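Engineer: One structure, pasted below without further comment.
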Amino acid sequence: MRASEHAANGNLADLLRTHMLVSPDRQALVTDDRVLTFAQLDDAVARASTALQSVGVRPSDRVIGQVTKSIDNVIVYLATVRVGAVWVPLNTAYTDTEVGAFIDDAEPALVIRDTDDPIDAAPEAPIRSLASMMAMADASAPMTAVEIRSSEDLAAICYTSGTTGRSKGAMLTHANLASNALALHSIWRFSPGDVLLHILPIFHVHGLFVALHTALLNASTILFETSFDADRIVARLPDATVMMGVPTHYRRLLDHPGFDQTSTAGIRLFTSGSAPMMAQLHAEITARTGHRVLERYGMTEGGMITSNPYDGDRVPGTVGFALPQVSVRTRGADGELCGPGEAGVVEFRGPNQFAGYWKLPERTEAEHTDDGWFVTGDVGTLDAEGRLTLEGRSSDMIISGGLNVYPKEIEQLVDDRADVVESAVIGVADGDLGERVEIVLVCGGAAPSIEELRTDLEDRLARFKHPRRIHVVDALPRNAMGKVQKTVLRDRFDPSRTTHP
Ligand code: MCA
């Protein structure tokens with residue numbers, strides 16, 4: 001492809017491909033049973049692109065992917081972007097009922113799953129197994145060109161749950177993903193020779209975009225772990241230079257005696273995000289390995305927003321400075337912008353800012369200021385230098401093991417039970433997950449057991465959202481406006497917050 005054509009193509013796949021093919025013979029993706037060089041990866045993506053086209057996927061079509069993490073999963077993602085379609089990744093833990101709702105909303109041209117069994121909740125859905133798509137790809141000629149796209153076209157829709165219980169699809173453009181990848185590649189100092197140890201799921205921004213894109217841009221070898229297994233990760237650390245994780249990953253690594261200075265001697269960068277890392281955890285990692293974890297802050301609607309500095313102070317409890325070209329500010333409850341040190345709701349704008357919620361223009365408008373900044377819902381303070389410290393959330397969202405859980409979605413289902421009058425879901429401090437989901441019930445008669453409750457939710461709600469413990473009360477505490485006071489419940493039922501358990 002000539003340079004002029006390249007410059008005209010805003011397709012993220014074109015940017016990644018150009019950078020990957022700088023080192024065609026280098027190992028790109030490595031698992032136990034498979035190794036692909038960058039040239040082989042590009043060829044596999046090119047063939048999968050033809051396969052997608054042959055089953056009718058056209059530019060702007062949505063392609064849902066709910067598949068177990070694998071190299072083929074990466075290939076079909078990159079192929080979807082290459083043909084100009086829109087990748088919609090779904091957590092493999094979602095039940096068929098949840099997937100049915102996403103299919104209804106996204107109206108995909110293709111749904112790729114581990115099997116091609118039909119889904120009761122979406123009987124008409126155009127489902128194909130990943131294996132069948134890859135078999136078709138193997139028999140296809142490569143599509144070497146990359147579909148021309150404007151950088152403002154959509155590359156992905158990532159669903160995030162909402163405070164109303166209804167999921168919203170965050171529309172991400174090629175420009176959003178490219179700008180974030182280029183910024184992180186630069187500020188985290190990726191350079192030739194870096195090897196990424198990839199331990200995250202690839203159905204979310206963190207594992208799919210932050211980790212994968214920076215490594216692909218760098219033509220870095222990716223040691224691709226398909227699930228989180230501390231023994232395996234410790235064994236691979238000596239071959240890696242960069243690892244990105246959520247606090248739960250680091251907590252579990254600390255439980256492994258092999259996570260030490262020797263095994264991490266080749267690492268130049270550990271990053272953490274998706275959930276706050278407690279200062280104590282930072283300190284334990286430093287004491288054990290000598291490394292200072294670089295904590296950064298992001299969300300589905302903006303990818304990465306701030307990062308602690310690569311050089312300079314990585315301050316535990318803070319999430320650092322706005323990325324290049326990204327602006328961050330905070331606004332108080334009185335509607336006024338905050339000064340240094342004053343707490344307010346965090347707002348941002350920049351090239352990473354999503355294009356809005358899919359088919360929800362009112363929600364998009366409601367979550368932006370009149371002058372176009374996105375209102376995150378997180379509460380924090382900026383110091384005089386622009387370093388951001390997060391202090392909480394304005395919603396009662398729970399972050400469990402790096403996954404966001406919205407209480408409303410669970411409460412709505414539990415409130416439907418005949419033996420439950422009303423319910424309130426809260427996050428309780430958890431040594432492993434950061435926060436775990438618990439539920440407070442008001443019952444007319446006998447309360448259900450936790451097993452009964454979980455069995456009831458089994459077909460409708462991913463298991464990571466299931467409450468792990470029930471508390472029964474006579475009435476939920478409410479404020480003068482009638483709103484349930486979750487803080488009162490957390491104070492009562494979270495032993496880390498109360499001196500009277
Ligand atoms: C698994 N389980 C969980 C979670 N994960 N329960 C609560 N919270 C979780 N996060 C439950 C399963 O339902 C199952 O329960 C049991 O744990 C074992 O499941 P398994 O799949 O074996 O779990 P695991 O391998 O131990 O997984 C835990 C994990 C994983 C490694 C912490 O959840 C993980 O990789 N989290 C990272 C998520 C992530 O990438 N977030 C990025 C979002 P049962 O036995 O009852 O069935 S992107 C983002 O937030 C923004 C943009 C950002 O800034 O990054």
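Note on naming: chains are A, B, ... as they come in the structure tokens, residues start from 1 per chain, ligands start from 1 in the order shown.
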Given only C-alpha atoms and all ligand atoms, how would the per-residue table for chain A near ligand 1 read, listing every residue at most 8 Å away with its closest atom pair and distance in Å to one decimal, sorted by chain and number, as a tab-separated table?
Structural biologist:
```
residue	atom	partner	partner_atom_place_in_ligand_line	distance
A:Ala93	CA	ligand 1	13 (O)	7.1
A:Ile199	CA	ligand 1	35 (O)	7.4
A:Leu200	CA	ligand 1	40 (O)	5.1
A:Pro201	CA	ligand 1	40 (O)	5.2
A:Ile202	CA	ligand 1	40 (O)	7.2
A:Phe203	CA	ligand 1	40 (O)	7.6
A:His204	CA	ligand 1	48 (S)	4.7
A:Val205	CA	ligand 1	48 (S)	4.5
A:His206	CA	ligand 1	55 (O)	4.2
A:Gly207	CA	ligand 1	40 (O)	5.8
A:Val210	CA	ligand 1	55 (O)	7.8
A:Ser227	CA	ligand 1	25 (O)	6.0
A:Phe228	CA	ligand 1	25 (O)	5.1
A:Asp229	CA	ligand 1	25 (O)	7.3
A:Gly245	CA	ligand 1	37 (C)	7.4
A:Val246	CA	ligand 1	37 (C)	5.9
A:Thr248	CA	ligand 1	32 (C)	5.3
A:His249	CA	ligand 1	31 (C)	6.0
A:Gly273	CA	ligand 1	54 (O)	5.1
A:Ser274	CA	ligand 1	50 (O)	3.7
A:Ala275	CA	ligand 1	50 (O)	6.8
A:Arg296	CA	ligand 1	54 (O)	7.3
A:Tyr297	CA	ligand 1	54 (O)	5.2
A:Gly298	CA	ligand 1	54 (O)	3.7
A:Met299	CA	ligand 1	52 (C)	3.6
A:Thr300	CA	ligand 1	52 (C)	4.5
A:Glu301	CA	ligand 1	52 (C)	7.7
A:Gly302	CA	ligand 1	52 (C)	7.5
A:Gly303	CA	ligand 1	52 (C)	5.4
A:Met304	CA	ligand 1	54 (O)	6.4
A:Ile399	CA	ligand 1	10 (N)	7.8
A:Ser400	CA	ligand 1	8 (N)	4.3
A:Gly401	CA	ligand 1	10 (N)	3.5
A:Gly402	CA	ligand 1	41 (N)	4.3
A:Leu403	CA	ligand 1	41 (N)	5.0
A:Asn404	CA	ligand 1	50 (O)	6.9
A:Leu433	CA	ligand 1	8 (N)	6.1
A:Arg436	CA	ligand 1	7 (C)	6.5
A:Val437	CA	ligand 1	7 (C)	7.6
A:Ala462	CA	ligand 1	13 (O)	7.0
A:Arg463	CA	ligand 1	13 (O)	4.1
A:Phe464	CA	ligand 1	6 (N)	3.7
A:Lys465	CA	ligand 1	7 (C)	6.4
A:His466	CA	ligand 1	46 (O)	7.6
```
Engineer: I want to know what sits within 10 Å of A:Ala279, based on only C-alpha atoms, with residues of the same chain fewer than 6 positions away left out; could you give that as JSON, numbers by chain?
Structural biologist: {"A": [315, 316, 317, 318]}
Engineer: Nearest to A:Ala139 among A:Ile410, A:Ala333, A:Leu269, A:Ala46, with distances taken over only C-alpha atoms: which residue is it?
Structural biologist: A:Ala46
Engineer: Can you pull out the residues contacting stretch 96-101 of chain A? Cut-off 7 Å, using only C-alpha atoms, and skip same-chain residues under 2 positions away; I want them as a list in words.
Structural biologist: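 The neighbour list is Tyr94, Ile103, Asp104, Asp105, Ile119, Ala121, Ala122, Asp459, Arg460 and Leu461 of chain A.
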